[in-house]
Every structure is written in C-alpha cells, then in structure tokens.
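So this one's structure-v6.cif, mmCIF, C-alpha atoms:
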data_protein
loop_
_atom_site.label_atom_id
_atom_site.label_comp_id
_atom_site.auth_asym_id
_atom_site.auth_seq_id
_atom_site.Cartn_x
_atom_site.Cartn_y
_atom_site.Cartn_z
CA MET A 1 44.92 56.76 -23.90
CA THR A 2 41.35 57.51 -22.99
CA ASN A 3 40.01 55.97 -26.21
CA LYS A 4 42.17 52.90 -25.69
CA SER A 5 40.97 52.57 -22.12
CA ASN A 6 37.36 52.91 -23.20
CA GLY A 7 37.88 50.28 -25.89
CA ALA A 8 39.40 47.85 -23.42
CA TYR A 9 36.57 48.51 -20.99
CA ILE A 10 33.96 47.86 -23.67
CA LYS A 11 35.67 44.62 -24.71
CA ALA A 12 35.88 43.45 -21.10
CA THR A 13 32.23 44.32 -20.55
CA ARG A 14 31.18 42.42 -23.66
CA PHE A 15 33.24 39.42 -22.62
CA PHE A 16 31.68 39.49 -19.15
CA LEU A 17 28.17 39.72 -20.60
CA ILE A 18 28.81 36.83 -22.98
CA ILE A 19 30.16 34.65 -20.17
CA THR A 20 27.20 35.60 -17.95
CA PHE A 21 24.74 34.80 -20.73
CA CYS A 22 26.36 31.41 -21.33
CA LEU A 23 26.23 30.60 -17.63
CA ILE A 24 22.54 31.53 -17.50
CA ILE A 25 21.81 29.25 -20.47
CA LEU A 26 23.83 26.43 -18.88
CA LEU A 27 22.01 26.77 -15.56
CA PHE A 28 18.68 26.82 -17.40
CA VAL A 29 19.53 23.59 -19.24
CA ILE A 30 20.73 21.91 -16.04
CA GLY A 31 17.62 23.06 -14.23
CA PHE A 32 15.41 21.77 -17.02
CA PHE A 33 16.90 18.29 -16.89
CA MET A 34 16.91 18.24 -13.11
CA LYS A 35 13.25 19.15 -13.13
CA SER A 36 12.38 16.51 -15.72
CA ASP A 37 14.28 13.85 -13.79
CA ASP A 38 12.59 14.90 -10.57
CA ILE A 39 9.06 14.71 -11.93
CA TYR A 40 8.27 11.70 -9.76
CA TYR A 41 8.85 13.81 -6.67
CA ASP A 42 8.39 17.50 -7.48
CA TYR A 43 4.72 17.13 -8.27
CA ASP A 44 1.68 19.38 -7.99
CA PHE A 45 -1.02 17.16 -6.52
CA SER A 46 -3.67 19.80 -7.14
CA SER A 47 -3.04 19.77 -10.90
CA GLN A 48 -5.26 18.09 -13.44
CA GLU A 49 -2.39 15.76 -14.33
CA TYR A 50 -2.56 14.11 -10.92
CA LYS A 51 -4.66 10.96 -10.92
CA HIS A 52 -5.28 9.38 -7.55
CA PRO A 53 -4.13 5.74 -7.45
CA VAL A 54 -6.87 3.12 -7.51
CA LEU A 55 -7.02 0.68 -4.61
CA HIS A 56 -8.61 -2.64 -5.52
CA VAL A 57 -10.53 -3.83 -2.47
CA ASP A 58 -12.41 -6.74 -4.04
CA ASN A 59 -10.71 -9.24 -1.75
CA VAL A 60 -10.99 -7.14 1.40
CA PRO A 61 -13.70 -8.08 3.94
CA LYS A 62 -16.57 -5.63 3.66
CA ASN A 63 -16.18 -4.30 7.20
CA MET A 64 -12.50 -3.53 6.55
CA ILE A 65 -12.87 -1.63 3.26
CA PRO A 66 -13.37 1.85 4.84
CA ILE A 67 -10.34 1.27 7.07
CA ALA A 68 -8.26 0.14 4.08
CA GLN A 69 -9.18 3.28 2.13
CA LYS A 70 -8.32 5.57 5.04
CA ALA A 71 -5.05 3.75 5.65
CA PHE A 72 -4.13 4.02 1.96
CA ASP A 73 -4.80 7.77 1.87
CA ALA A 74 -2.83 8.27 5.08
CA LEU A 75 0.12 6.38 3.57
CA LEU A 76 0.13 8.50 0.40
CA ASP A 77 -0.17 11.77 2.33
CA ALA A 78 2.69 10.78 4.63
CA CYS A 79 4.96 9.84 1.71
CA PRO A 80 4.86 12.57 -1.00
CA GLY A 81 7.51 10.76 -3.04
CA LEU A 82 5.38 7.62 -3.09
CA LYS A 83 2.27 9.62 -3.92
CA ALA A 84 4.02 11.30 -6.84
CA ALA A 85 5.56 8.06 -8.09
CA SER A 86 2.08 6.56 -8.40
CA SER A 87 0.37 9.72 -9.63
CA ARG A 88 -0.92 8.37 -12.92
CA GLY A 89 -3.86 6.41 -11.62
CA GLU A 90 -1.85 3.26 -10.88
CA SER A 91 -3.75 0.23 -9.66
CA TRP A 92 -2.81 -0.94 -6.18
CA ASP A 93 -3.64 -4.35 -4.79
CA VAL A 94 -4.38 -4.85 -1.13
CA LEU A 95 -4.06 -7.98 0.97
CA ALA A 96 -6.05 -7.85 4.20
CA PHE A 97 -5.33 -9.73 7.41
CA PRO A 98 -8.60 -9.56 9.36
CA GLU A 99 -6.97 -10.98 12.47
CA ARG A 100 -3.63 -9.30 11.83
CA LEU A 101 -0.51 -11.30 11.03
CA GLY A 102 0.07 -12.37 14.60
CA GLY A 103 3.15 -14.27 15.67
CA LEU A 104 6.14 -12.83 17.46
CA SER A 105 7.79 -10.71 14.76
CA PRO A 106 7.66 -6.89 14.76
CA LEU A 107 5.06 -7.19 12.00
CA LYS A 108 2.55 -9.05 14.16
CA ASP A 109 0.07 -6.14 14.10
CA VAL A 110 0.03 -5.65 10.32
CA SER A 111 -3.53 -5.53 8.96
CA PHE A 112 -2.97 -4.60 5.30
CA LEU A 113 -0.35 -5.05 2.63
CA PHE A 114 -0.49 -2.53 -0.24
CA GLU A 115 1.50 -3.25 -3.41
CA THR A 116 1.86 -2.04 -6.99
CA ASP A 117 4.31 -1.67 -9.87
CA ILE A 118 5.72 1.79 -10.54
CA ASN A 119 5.07 3.04 -14.07
CA LYS A 120 8.17 2.19 -16.15
CA GLU A 121 8.53 5.73 -17.49
CA VAL A 122 8.50 7.13 -13.95
CA PHE A 123 10.78 4.34 -12.72
CA SER A 124 13.31 5.18 -15.43
CA LYS A 125 13.78 8.57 -13.73
CA PHE A 126 14.70 7.03 -10.39
CA PRO A 127 18.35 7.25 -9.26
CA LYS A 128 20.62 4.64 -10.79
CA GLY A 129 21.03 2.61 -7.61
CA LEU A 130 17.30 2.05 -7.28
CA GLN A 131 17.07 0.77 -10.86
CA ASP A 132 19.23 -2.22 -9.94
CA PRO A 133 17.56 -5.45 -11.20
CA GLN A 134 17.67 -6.73 -7.62
CA TRP A 135 14.95 -4.28 -6.61
CA GLY A 136 12.80 -3.75 -9.69
CA ASN A 137 9.79 -1.46 -9.84
CA HIS A 138 7.55 -3.44 -7.48
CA ILE A 139 6.81 -1.68 -4.19
CA MET A 140 5.07 -2.97 -1.07
CA TYR A 141 3.92 -1.44 2.22
CA ARG A 142 2.65 -3.21 5.35
CA ILE A 143 0.19 -1.19 7.39
CA ASP A 144 0.22 -1.39 11.19
CA LEU A 145 -3.02 -0.04 12.67
CA VAL A 146 -1.89 -0.64 16.25
CA LYS A 147 1.36 1.34 16.12
CA HIS A 148 -0.16 3.68 13.50
CA GLY A 149 2.38 3.50 10.75
CA VAL A 150 3.92 1.50 7.93
CA TRP A 151 6.57 -1.21 7.80
CA MET A 152 8.99 -1.28 4.85
CA ASP A 153 11.86 -3.63 4.07
CA TRP A 154 12.97 -2.90 0.49
CA PRO A 155 15.18 0.06 -0.53
CA THR A 156 12.80 1.61 -3.07
CA ASP A 157 9.87 1.41 -0.66
CA ILE A 158 11.89 3.09 2.09
CA TRP A 159 13.34 5.77 -0.17
CA LEU A 160 9.92 6.78 -1.54
CA CYS A 161 8.76 7.35 2.04
CA HIS A 162 11.75 9.60 2.74
CA GLU A 163 13.26 7.36 5.38
CA SER A 164 16.98 6.68 5.70
CA LEU A 165 18.22 3.38 4.29
CA PHE A 166 21.22 3.05 6.57
CA GLY A 167 20.79 5.84 9.10
CA ASN A 168 23.75 7.54 7.47
CA GLN A 169 23.43 10.17 4.74
CA SER A 170 26.72 9.25 3.06
CA SER A 171 25.87 5.54 2.92
CA ASP A 172 22.37 6.35 1.69
CA GLN A 173 23.79 8.44 -1.14
CA ASP A 174 26.30 5.76 -2.17
CA PHE A 175 23.51 3.20 -2.38
CA ILE A 176 21.05 5.46 -4.20
CA MET A 177 23.67 6.40 -6.80
CA GLY A 178 24.60 2.75 -7.36
CA TYR A 179 28.07 2.78 -5.81
CA GLN A 180 26.96 0.30 -3.14
CA ARG A 181 24.75 -2.68 -4.07
CA THR A 182 24.65 -4.66 -0.84
CA TRP A 183 21.37 -4.54 1.03
CA HIS A 184 20.61 -6.41 4.24
CA GLN A 185 16.86 -6.53 4.52
CA SER A 186 15.49 -5.01 7.68
CA ASN A 187 12.10 -3.82 8.81
CA VAL A 188 11.94 -0.02 8.83
CA PHE A 189 8.96 1.56 10.57
CA LYS A 190 7.57 5.00 9.74
CA SER A 191 5.08 6.49 12.16
CA ILE A 192 1.96 7.96 10.52
CA PRO A 193 -0.24 9.66 13.14
CA ASP A 194 -3.17 9.94 10.70
CA MET A 195 -3.29 6.18 10.22
CA PRO A 196 -6.70 4.87 11.37
CA SER A 197 -7.09 2.58 14.35
CA LEU A 198 -8.56 -0.87 14.50
CA PRO A 199 -12.19 -0.83 15.64
CA ASP A 200 -13.05 -2.47 18.92
CA GLY A 201 -14.04 -6.06 18.48
CA PRO A 202 -12.65 -9.27 16.97
CA LEU A 203 -10.23 -7.40 14.69
CA SER A 204 -8.37 -6.15 17.74
CA HIS A 205 -7.57 -9.64 19.02
CA PRO A 206 -5.56 -11.67 16.51
CA LYS A 207 -5.00 -15.38 16.80
CA VAL A 208 -1.42 -16.30 17.55
CA THR A 209 -0.08 -19.29 15.63
CA PRO A 210 3.09 -20.68 17.24
CA TYR A 211 6.01 -20.91 14.85
CA HIS A 212 7.12 -24.37 13.80
CA ARG A 213 9.30 -25.73 11.03
CA PRO A 214 7.86 -27.63 8.06
CA ASN A 215 6.85 -31.23 8.58
CA ILE A 216 7.32 -32.80 5.17
CA LYS A 217 7.20 -36.50 4.38
CA GLY A 218 9.83 -36.81 1.69
CA GLY A 219 9.77 -40.57 1.17
CA SER A 220 12.85 -41.57 -0.82
CA SER A 221 13.82 -37.89 -0.92
CA GLN A 222 13.79 -37.46 2.87
CA LYS A 223 17.56 -37.04 2.93
CA TYR A 224 17.24 -33.97 0.73
CA VAL A 225 14.34 -32.64 2.79
CA SER A 226 16.66 -32.69 5.81
CA GLU A 227 19.39 -31.02 3.78
CA ALA A 228 17.00 -28.24 2.78
CA MET A 229 15.86 -27.81 6.39
CA SER A 230 19.42 -26.95 7.38
CA TYR A 231 19.18 -23.79 5.28
CA LEU A 232 16.03 -22.44 6.95
CA GLY A 233 16.15 -19.14 8.82
CA ASN A 234 14.38 -18.18 12.04
CA CYS A 235 11.60 -16.01 10.54
CA THR A 236 12.07 -13.16 13.03
CA SER A 237 12.09 -10.41 10.38
CA TRP A 238 9.34 -11.63 8.09
CA THR A 239 5.69 -10.76 7.64
CA GLY A 240 4.31 -13.08 10.29
CA ASP A 241 4.70 -16.68 11.30
CA LEU A 242 2.08 -18.10 8.96
CA SER A 243 3.50 -16.51 5.81
CA CYS A 244 7.07 -17.34 6.80
CA MET A 245 6.20 -20.95 7.59
CA SER A 246 4.53 -21.22 4.18
CA ALA A 247 7.64 -19.78 2.51
CA GLN A 248 9.82 -22.30 4.36
CA ASP A 249 7.60 -25.20 3.36
CA LYS A 250 7.79 -24.10 -0.26
CA PHE A 251 11.58 -23.68 -0.12
CA VAL A 252 12.15 -27.19 1.23
CA ARG A 253 9.96 -28.73 -1.47
CA GLN A 254 11.52 -26.61 -4.21
CA TYR A 255 15.02 -27.44 -2.99
CA VAL A 256 14.26 -31.14 -3.42
CA ASN A 257 12.74 -30.53 -6.86
CA ALA A 258 15.74 -28.42 -7.82
CA LEU A 259 17.98 -31.40 -7.05
CA ALA A 260 15.65 -33.42 -9.28
CA GLY A 261 16.70 -31.06 -12.08
CA ASP A 262 13.58 -28.91 -12.27
CA TYR A 263 14.42 -25.55 -13.89
CA ALA A 264 11.64 -23.52 -12.23
CA ALA A 265 12.47 -24.98 -8.81
CA GLN A 266 16.14 -24.13 -9.28
CA LYS A 267 15.21 -20.53 -10.05
CA ASP A 268 13.13 -20.36 -6.86
CA VAL A 269 16.03 -21.71 -4.82
CA ILE A 270 18.36 -19.05 -6.23
CA PHE A 271 15.85 -16.34 -5.36
CA ASP A 272 15.50 -17.55 -1.77
CA PHE A 273 19.25 -17.80 -1.19
CA MET A 274 19.75 -14.29 -2.55
CA LEU A 275 17.18 -12.64 -0.28
CA PRO A 276 19.16 -10.14 1.83
CA GLU A 277 17.88 -11.23 5.23
CA ASP A 278 20.80 -13.11 6.82
CA GLU A 279 19.21 -15.70 9.14
CA ASP A 280 16.12 -13.66 10.04
CA GLY A 281 13.97 -14.59 7.04
CA PRO A 282 12.56 -17.91 5.82
CA VAL A 283 15.93 -18.97 4.38
CA LYS A 284 19.47 -18.20 5.52
CA ALA A 285 20.84 -15.84 2.89
CA SER A 286 23.93 -17.21 1.18
CA LYS A 287 25.51 -15.56 -1.84
CA ILE A 288 27.81 -18.56 -2.25
CA GLN A 289 24.82 -20.91 -2.48
CA GLY A 290 22.92 -18.50 -4.72
CA CYS A 291 25.90 -18.17 -7.05
CA ALA A 292 26.37 -21.95 -7.13
CA TRP A 293 22.77 -22.60 -8.10
CA ALA A 294 22.93 -19.78 -10.68
CA GLN A 295 25.85 -21.60 -12.30
CA VAL A 296 23.87 -24.84 -12.26
CA VAL A 297 20.98 -23.17 -14.08
CA ALA A 298 23.12 -21.28 -16.60
CA TYR A 299 25.04 -24.39 -17.68
CA SER A 300 22.27 -26.95 -17.24
CA GLY A 301 21.43 -27.26 -20.90
CA SER A 302 17.75 -26.90 -20.00
CA PRO A 303 15.57 -25.81 -22.94
CA TYR A 304 14.18 -23.11 -20.66
CA VAL A 305 17.51 -21.36 -20.05
CA THR A 306 17.61 -17.80 -21.41
CA LYS A 307 20.20 -15.08 -21.87
CA THR A 308 18.77 -13.50 -18.74
CA ASP A 309 19.76 -16.57 -16.73
CA ARG A 310 23.35 -16.18 -17.83
CA SER A 311 23.29 -12.46 -17.07
CA MET A 312 21.78 -13.13 -13.65
CA MET A 313 24.52 -15.68 -12.93
CA ILE A 314 27.10 -12.94 -13.42
CA LEU A 315 25.08 -10.62 -11.20
CA ASP A 316 24.50 -13.25 -8.49
CA CYS A 317 28.21 -14.09 -8.36
CA ASP A 318 29.35 -10.48 -8.56
CA GLY A 319 31.24 -9.26 -5.52
CA LEU A 320 32.33 -12.65 -4.21
CA GLN A 321 35.94 -12.79 -3.11
CA ALA A 322 38.16 -15.34 -4.89
CA PRO A 323 37.91 -18.00 -2.12
CA ASP A 324 34.11 -17.66 -1.98
CA LEU A 325 33.85 -17.79 -5.76
CA ASP A 326 35.92 -20.98 -5.75
CA ALA A 327 33.66 -22.39 -3.06
CA SER A 328 30.59 -21.63 -5.17
CA LYS A 329 32.12 -23.42 -8.16
CA ILE A 330 32.87 -26.48 -6.03
CA ARG A 331 29.33 -26.39 -4.66
CA ALA A 332 27.90 -26.09 -8.20
CA ALA A 333 29.90 -29.14 -9.26
CA ALA A 334 28.57 -31.09 -6.26
CA ILE A 335 24.98 -30.08 -7.07
CA ASN A 336 25.40 -31.12 -10.71
CA HIS A 337 26.79 -34.48 -9.62
CA GLU A 338 23.79 -34.97 -7.31
CA ILE A 339 21.34 -34.08 -10.07
CA LYS A 340 22.93 -36.49 -12.55
CA THR A 341 23.46 -39.46 -10.24
CA ALA A 342 20.99 -39.35 -7.33
CA HIS A 343 17.79 -39.36 -9.40
CA VAL A 344 15.94 -37.40 -6.74
CA HIS A 345 12.16 -37.76 -6.77
CA ARG A 346 10.11 -34.58 -7.00
CA LEU A 347 7.74 -33.49 -4.24
CA PRO A 348 4.35 -31.81 -4.61
CA VAL A 349 4.39 -28.06 -3.96
CA PRO A 350 0.94 -26.96 -2.72
CA GLU A 351 1.98 -23.30 -2.70
CA ILE A 352 2.14 -23.30 -6.52
CA GLU A 353 -0.38 -26.12 -7.03
CA TYR A 354 2.25 -28.43 -8.48
CA ASP A 355 1.87 -32.20 -8.35
CA PRO A 356 4.63 -34.36 -9.90
CA ARG A 357 2.06 -37.09 -10.56
CA SER A 358 0.97 -34.98 -13.52
CA GLY A 359 4.09 -36.21 -15.30
CA LYS A 360 5.05 -32.61 -16.06
CA ASN A 361 7.83 -30.43 -14.75
CA GLU A 362 6.91 -27.18 -12.99
CA THR A 363 7.36 -25.04 -16.10
CA GLU A 364 5.09 -27.29 -18.16
CA ALA A 365 2.51 -27.47 -15.37
CA ASP A 366 2.39 -23.70 -14.89
#

For this file, produce the structure as structure tokens.
Amino acid sequence: MTNKSNGAYIKATRFFLIITFCLIILLFVIGFFMKSDDIYYDYDFSSQEYKHPVLHVDNVPKNMIPIAQKAFDALLDACPGLKAASSRGESWDVLAFPERLGGLSPLKDVSFLFETDINKEVFSKFPKGLQDPQWGNHIMYRIDLVKHGVWMDWPTDIWLCHESLFGNQSSDQDFIMGYQRTWHQSNVFKSIPDMPSLPDGPLSHPKVTPYHRPNIKGGSSQKYVSEAMSYLGNCTSWTGDLSCMSAQDKFVRQYVNALAGDYAAQKDVIFDFMLPEDEDGPVKASKIQGCAWAQVVAYSGSPYVTKTDRSMMILDCDGLQAPDLDASKIRAAAINHEIKTAHVHRLPVPEIEYDPRSGKNETEAD
C-alpha cells in the first residue's frame, strides 16, 4: 500500500509540475505580446532608443519660438503616452497665433497648434477602436498659454494624454476596443501647470473678430448658396471665429461646386457633414446628408471614383436606422437630379486656390 501511495503521490506531483510549467510558459507568452503591443506606452525615455520629436518652427515668429519649444516639452512631459507614441524622432508642425485665436469660443486663448502623424508601425499597435478610419493616425493639440494647458477634440489625441473620452470608464473601454464608433466632438481641456505663460505685451491682448456668416455673391448659383447656408453650424466649439468662418465660406462654395458635379467638392461636402460636432462646428453634422452624398459619389460614374469611395459609402451609411437610410437614398436621388438638370455654375474657392475660369475641375486644377 505504501509503494502504491508513493507512486500515486509521485504521479500527482509530476502532473502538478507539468501544469505549473505550462501555465508559466503561457503567462510568459501573454506577457511578451502584451509588452510588444504596449511599446507605444511602456517606454523608457532615458534609453538610447528614445529620439525626441522634432518641432519645426520655421513659420513661428522669432519672439515666439522659445515659448513654442517650452510649450511642446511641457505637453510631452504631461502626456507620457503621447511622448512614447512619437518617440522615434517624428517631425511635428506648429501653427502659431501671435494674437491668439480670439473670438468667443473656449479656444479663444490658444496660441499654438501642434500636429503630426503617428508612425504607422506604432499606430498599428493602438487599440482597435482607435484604428478606425474615421480617426486615422493624425494627431493635433491646441496650446492655451492663458489657462496653462491643452485643448483636444479627437479621440486619439485625448486618449494619448490619458484623459477620459466620455467621463465613464465603461464607455471609454467600449470605444477604445471598437465596440462603439460614435463620437460627438467636444473640446477636452487638460491642465498642464508647467505650460509657459504669455509674456507681457502685445501677445497678451488678442484682437477679437466678431463672428459673421459668409457673404458670397453666387450669381446664377445664389439659390444654392442659400441652400448651403442653411447647413452652417454656430462655430461655438471650433478653433476660433476666423478659422471657423473660413471653413464655413469654403463649405458653401464647395457645396455649390458639388451640385455642379465636381468630384473633389463632393468629397469635401461629405467630410464636413460627417464631422461629429452636431451644430457647434462650421457645419451641422448630418449622417443622413453625409450618406446621401457618399452614394452620389460612389455611383457618379466619375473617372476619379475609387474602391475606397465605395468602401467609405458603406462606412458613412453604417449605423443608420431603416427610415434614415431610406431618407438618405431619397436625398441622394434628389441631389443627382439637381446635378443632371440644374447645370449649376461653379464658384471660386479661395481656400484651395481654385478658380473655375481655368476651365478645369478641382481635381485637375490641384
């Protein structure tokens, strides 16, 4: 009995050791992949592999360059995820607003806009939800030197700075993992105490440009100018009155040119309607309108249409309830009828240096 008991004990011990060994190997493998996927965040900034991002300040006024550099370093130090995601010497562009954005929006005191594209290899390791084509790998941060912090309005930008997307951990996780794809753009502010201050002087007193809607002489296309104006938002959430007014002017002109059958203009109109800003941006967001125009583009027969356009149509129409999808199809049919019968005249678009008198469409003129 003793020998049998010892034999059973030895077998049980061996079995336990084998199971334990297998579990250790499994945990090691899981840990390895978790570490490799987390390389954009779990990063040793003191290592030789870390290359500080390059900030291109060629277009920054000379007296603002030191402030821009300090603000950039403060941003990276306050957002380790962002710092790690751009740890390969990425080139950042900076847009300076010497008199600040001004206006009445929360972004009125923004002095710099920093932007770059995340390295594709690093971006491929981001959670699935953040790899959605709606967001892409472009990131952008608006620096407020009065409130000492940064404004963000896009999910990837916010996530890299370790701020909540929805103020709810469960909702954040659903979005990050790709279970939820709806994003209503909002300005999220992160306080950064180390952000430099504006120096005393002219920089501290921005000019305020009152908001006003575009004043466009449409000639024979004036009817369509008015139609486009009905889709304009109120600009309260955008990057300042001047930039929002410029975006609205461009939208109205591109809307008219889209009705004239211009492929590039139609693509711009889709983009503007799909911006997740409700009525607070330059254009009132409308998935029904965006889906309708996407159908117009996909089935236009334009020589410029690509497979991507057809894929984007599916994406732009995804999630619409049956009545809304029907409404978008009816709207698409109405747009197509207008394009074929109204013979709308194109308008110049100063924002993209397009002039229809060239005899070219926007794609040819680009």

Under the PyMOL selection byres ((chain A and resi 79) around 12), which residues of this model are included? Write them out as a short mmCIF file (atom, residue, chain, number, x, y, z; two decimals) with C-alpha atoms, keeping the file's coordinate frame.
data_model
loop_
_atom_site.label_atom_id
_atom_site.label_comp_id
_atom_site.auth_asym_id
_atom_site.auth_seq_id
_atom_site.Cartn_x
_atom_site.Cartn_y
_atom_site.Cartn_z
CA TYR A 41 8.85 13.81 -6.67
CA PHE A 72 -4.13 4.02 1.96
CA ASP A 73 -4.80 7.77 1.87
CA ALA A 74 -2.83 8.27 5.08
CA LEU A 75 0.12 6.38 3.57
CA LEU A 76 0.13 8.50 0.40
CA ASP A 77 -0.17 11.77 2.33
CA ALA A 78 2.69 10.78 4.63
CA PRO A 80 4.86 12.57 -1.00
CA GLY A 81 7.51 10.76 -3.04
CA LEU A 82 5.38 7.62 -3.09
CA LYS A 83 2.27 9.62 -3.92
CA ALA A 84 4.02 11.30 -6.84
CA ALA A 85 5.56 8.06 -8.09
CA SER A 86 2.08 6.56 -8.40
CA TYR A 141 3.92 -1.44 2.22
CA GLY A 149 2.38 3.50 10.75
CA VAL A 150 3.92 1.50 7.93
CA ASP A 157 9.87 1.41 -0.66
CA ILE A 158 11.89 3.09 2.09
CA TRP A 159 13.34 5.77 -0.17
CA LEU A 160 9.92 6.78 -1.54
CA CYS A 161 8.76 7.35 2.04
CA HIS A 162 11.75 9.60 2.74
CA GLU A 163 13.26 7.36 5.38
CA LYS A 190 7.57 5.00 9.74
CA SER A 191 5.08 6.49 12.16
CA ILE A 192 1.96 7.96 10.52
#

So which residues touch Pro356 of chain A within 8 Å, counting only C-alpha atoms, skipping near sequence neighbours fewer than 3 positions away, as an MDAnalysis selection string? chainID A and resid 346:348 359:361

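With distances taken over all atoms listed in the file, A:Asp280 is the one residue among A:Asp153, A:Asp326, A:Asp262, A:Asp280 lying closest to Cys244 of chain A.
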
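For Leu275 of chain A, the residues within 10 Å (counting only C-alpha atoms, excluding itself and residues fewer than 2 positions away along the chain) are A:Gln134, A:Trp183, A:His184, A:Gln185, A:Ile270, A:Phe271, A:Asp272, A:Phe273, A:Glu277, A:Asp278, A:Gly281, A:Pro282, A:Val283, A:Lys284, A:Ala285, A:Ser286, A:Lys287, A:Gly290.
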
A:His148, A:Lys223, A:Lys108, A:Lys62: which is nearest Phe189 of chain A, counting only C-alpha atoms?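 The closest residue to Phe189 of chain A is A:His148.
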
In terms of the shortest atom-to-atom distance over all atoms listed in the file, which of A:Glu338, A:Glu90, A:Glu99, A:Glu353 is closest to Glu115 of chain A?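 The answer is A:Glu90, which sits nearest to Glu115 of chain A.
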
Atom pair atom CA of Ser328 of chain A + atom CA of Pro133 of chain A, distance 21.6 Å

Go through A:Gln289, A:Ser221, A:Thr116, A:Asn215 one by one, measure the shortest atom-to-atom distance of each to Asp93 of chain A using all atoms listed in the file, and give the residue with the smallest value.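 Answer, going by the shortest atom-to-atom distance: A:Thr116.
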
Tell me which of A:Leu130, A:Ile176, A:Leu145, A:Val60 sits closest to Leu198 of chain A, counting only C-alpha atoms. A:Leu145

Could you tell me how far atom CA of Arg213 of chain A lies from atom CA of Trp154 of chain A, in Å and to one decimal?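 Distance between the two atoms: 25.4 Å.
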
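When you apply the PyMOL selection byres ((chain A and resi 91) around 12) to this structure, what comes back is Lys51, His52, Pro53, Val54, Leu55, His56, Val57, Ser86, Ser87, Arg88, Gly89, Glu90, Trp92, Asp93, Val94, Phe114, Glu115, Thr116, Asp117, Ile118 and Asn119 of chain A.
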
Please measure the separation of atom CA of Met177 of chain A and atom CA of Cys291 of chain A, giving the value in Å to one decimal. 24.7 Å
